[in-house]
Protein chains: 2
Amino acid sequence: MFIGASGKGMISFGSGQPDLPPPKEVFSCVATPEDFKYGQIAGQAYLRQALTKEFKGSTKDDFVITNGASEALDLVFRAIAKPKDNIILHTPYYYSYKPLVEMNNFTPLYVETHQGKIDVDDFEDKVHKAKAVLINSPSNPTGRIQDIKTLKIIEKTTKDLDIPLISDEVYKDMIYERENYMLSGNHVVTINSFSKTFAMCGARVGYIYSNDKSIVEKAIELKTHTSMNTNILAQKMAFYALKAPKSFVDSQVKVWKKRRDIIYNGMRGLGLDVWKPEGAFYILPKIKNPHDFVWDMFKKHKVITYLGEWFGADNRVRFSYALEVEKIEEGLKRVKKYLDRN
Amino acid sequence: MFIGASGKGMISFGSGQPDLPPPKEVFSCVATPEDFKYGQIAGQAYLRQALTKEFKGSTKDDFVITNGASEALDLVFRAIAKPKDNIILHTPYYYSYKPLVEMNNFTPLYVETHQGKIDVDDFEDKVHKAKAVLINSPSNPTGRIQDIKTLKIIEKTTKDLDIPLISDEVYKDMIYERENYMLSGNHVVTINSFSKTFAMCGARVGYIYSNDKSIVEKAIELKTHTSMNTNILAQKMAFYALKAPKSFVDSQVKVWKKRRDIIYNGMRGLGLDVWKPEGAFYILPKIKNPHDFVWDMFKKHKVITYLGEWFGADNRVRFSYALEVEKIEEGLKRVKKYLDRN
């Protein structure tokens with residue numbers, strides 16, 4: 001990949017991290033000797049307590065603070081499934097899902113989508129064979145959200161079958177089209193992170209939220225051996241980030257929405273087959289010969305994009321629009337140049 | 001366990017973390033916006049470069065910075081072995097080894113020790129069946145170091161058989177009896193940490209060092225999906241810790257050695273069957289009815305100790321002597337009270 005690639009004139013639609021700064025509150029946090037002692041494996045109590053305000057009816061013992069959403073998902077997978085178990089993913093999917101499923105020796109079961117929306121019939125056909133279901137709405141890499149009707153069906157079907165429903169909600173605060181519908185219930189395991197909402201990807205603070213004590217306890221037991229507590233100072237910073245006023249998140253969403261409009265309308269103007277992003281900050285146009293496109297855009301046009309095939313979308317290319325409007329516009333001009341020539 | 005248990009008059013021989021503070025250099029490190037961006041999965045280049053000074057002939061590309069030694073070991077296990085592979089451990093072992101082996105669906109193969117020293121014949125009998133060998137010298141929970149002669153045999157045998165030799169050296173800087181002998185060679189995978197040497201357990205910064213590109217690359221690939229970069233600010237702090245003068249480590253070792261002498265001589269004075277710790281800060285006396293001992297010491301005598309069976313030593317109890325001399329002495333008095341009554 002091109003992570004970290006830069007240089008004069010390079011425009012990166014690659015990396016999936018906000019270019020905006022974290023809330024100023026996190027910088028008021030300084031290290032004390034206590035931050036260098038082992039902390040609770042589940043996470044510092046003050047942070048878990050603060051999170052209860054975000055989830056109605058939750059208690060601090062329903063949370064496990066992790067090294068980002070990545071570790072949260074790996075722990076949940078290891079806690080609930082055994083080798084050869086089937087895990088349902090919907091395509092296109094976040095590029096770590098498939099390796100995480102495979103490195104734990106599970107089998108991915110792919111549910112079809114149409115324009116990024118889950119095919120409910122296909123889901124209902126396959127869910128009976130699954131040990132767990134993983135939903136990601138808003139989605140990386142499509143930017144699409146699932147219809148509330150669909151989410152309710154998935155919520156009910158998995159509950160009736162007593163199958164854990166893992167909901168990766170790292171983009172929950174970045175929705176343009178409607179309020180978020182958070183999947184809930186005793187069988188739901190929510191994966192979340194401070195990375196996107198508070199623009200603090202490098203700090204690596206995420207969490208698991210579940211009302212199922214057996215899953216929470218198993219995740220803590222595993223984490224005792226695989227990484228112990230999450231960095232204490234980072235947890236303090238996450239706690240301070242939660243103190244940021246609601247306007248912090250609202251103003252960021254406005255920025256993302258404006259950028260979404262520019263890139264979506266720009267790509268439509270170029271005649272690209274593209275689904276309108278409804279959340280997150282990704283767009284996934286269909287592109288002829290995507291390998292040639294990604295390579296040529298990088299080498300000849302100094303534009304970084306990611307191959308759709310890393311996300312289970314072979315004929316598409318992922319653009320992250322986490323960058324300034326001027327760069328988005330310049331990037332689109334370069335895409336036009338490429339398309340005009342090819 | 002009793003992690004975090006405290007209260008008036010409680011004396012804890014439990015937790016395996018230094019009570020001494022980290023070097024003052026780490027506090028000169030403040031957060032900047034850059035620390036909240038994704039970093040390199042392998043770890044920040046400046047920290048890996050700084051580590052090359054510790055390992056002769058190494059380059060920065062031989063290192064992966066991890067969330068403590070725990071994650072380092074989990075990544076190495078996942079990188080080199082497959083379900084049902086045999087992994088050699090020597091008993092008594094660090095209490096996470098067995099769960100880490102088992103959660104990855106490997107099979108532990110235990111090599112016998114005598115007074116904490118590896119039985120070389122038993123090792124040579126079993127090594128042929130192993131996919132990898134894990135050595136921990138100085139050892140948690142015994143405090144014992146392996147003889148240089150033994151280490152050289154293990155180093156050569158695994159090299160001849162082309163078996164990865166994983167060396168958990170988190171206590172490498174805490175040896176009282178001789179200079180450390182670091183296992184080395186292209187087949188050696190060193191696991192290390194800033195936690196013990198620099199008293200920064202809660203920051204969770206460890207690393208993998210290996211000259212085998214395939215292992216390093218596989219570990220980075222796995223970490224891309226399981227946790228991404230290690231917290232950036234913590235890596236900066238680890239970098240600053242390396243700037244501490246050598247006298248920082250030397251003066252800590254003096255403190256540990258003094259405490260070792262007090263607890264070892266004290267236990268001998270109580271008539272306990274005990275092996276002399278040569279490194280780290282643990283001692284593992286033989287105790288009749290260890291369950292009763294650990295429970296009574298906690299409830300009646302306000303002393304925290306850990307059951308040897310968590311470490312594969314059924315008839316023993318682990319004491320960490322990472323606490324002040326006065327507390328060690330008071331703790332020993334309470335042990336005497338228990339022994340006098342039972």
# chains A, B, ... in the order shown; residues from 1 in each chain; ligands from 1
$ interface_residues --of "chain A" --to "chain B" --cutoff "6 Å" --atoms "only C-alpha atoms" --output "PyMOL selection string"
chain A and resi 36-38+67+70-71+74+96+200-204+225-227+231
$ residues_around --residues "segment 187-192 of chain A" --least-positions-apart "5" --cutoff "9 Å" --atoms "only C-alpha atoms" --output "count of residues only"
30
$ residues_around --residues "segment 115-117 of chain B" --least-positions-apart "5" --cutoff "8 Å" --atoms "only C-alpha atoms" --output "PyMOL selection string"
chain B and resi 91-92+142+144-147+275
$ select_by_dssp --residues "segment 59-275 of chain B" --states "helix (DSSP H, G or I)" --output "PyMOL selection string"
chain B and resi 60-62+68-80+97-103+120-129+148-161+201-203+213-226+232-241+246-269
$ select_by_dssp --residues "segment 113-276 of chain A" --states "strand (DSSP E or B)" --output "list in words"
Thr113, His114, Lys117, Ile118, Ala132, Val133, Leu134, Ile135, Asn136, Leu165, Ile166, Ser167, Asp168, Ile175, Val188, Val189, Thr190, Ile191, Asn192, Ser193, Gly206, Tyr207, Ile208, Tyr209 and Ser210 of chain A
$ closest_residue --among "A:Ser320, A:Ile287, A:Val101, A:Phe311" --to "Asn342 of chain A" --atoms "only C-alpha atoms"
A:Ile287
$ residues_around --residues "Val294 of chain B" --least-positions-apart "5" --cutoff "7 Å" --atoms "only C-alpha atoms" --output "list in words"
Thr305, Tyr306 and Leu307 of chain B
$ residues_around --residues "Gln49 of chain B" --least-positions-apart "4" --cutoff "8 Å" --atoms "only C-alpha atoms" --output "MDAnalysis selection string"
chainID B and resid 45 53 59:60
$ residues_around --residues "Glu25 of chain B" --least-positions-apart "4" --cutoff "7 Å" --atoms "only C-alpha atoms" --output "list in words"
Tyr240, Ala241 and Ala244 of chain B
$ residues_around --residues "segment 280-282 of chain A" --least-positions-apart "6" --cutoff "12 Å" --atoms "only C-alpha atoms" --output "MDAnalysis selection string"
chainID A and resid 13:19 94 136:145 169:177 180 196:197 252:264 274 305:306 308 317:323
$ closest_residue --among "A:Asp314, A:Asp292, A:Glu326, A:Glu217" --to "Tyr338 of chain A" --atoms "only C-alpha atoms"
A:Asp292
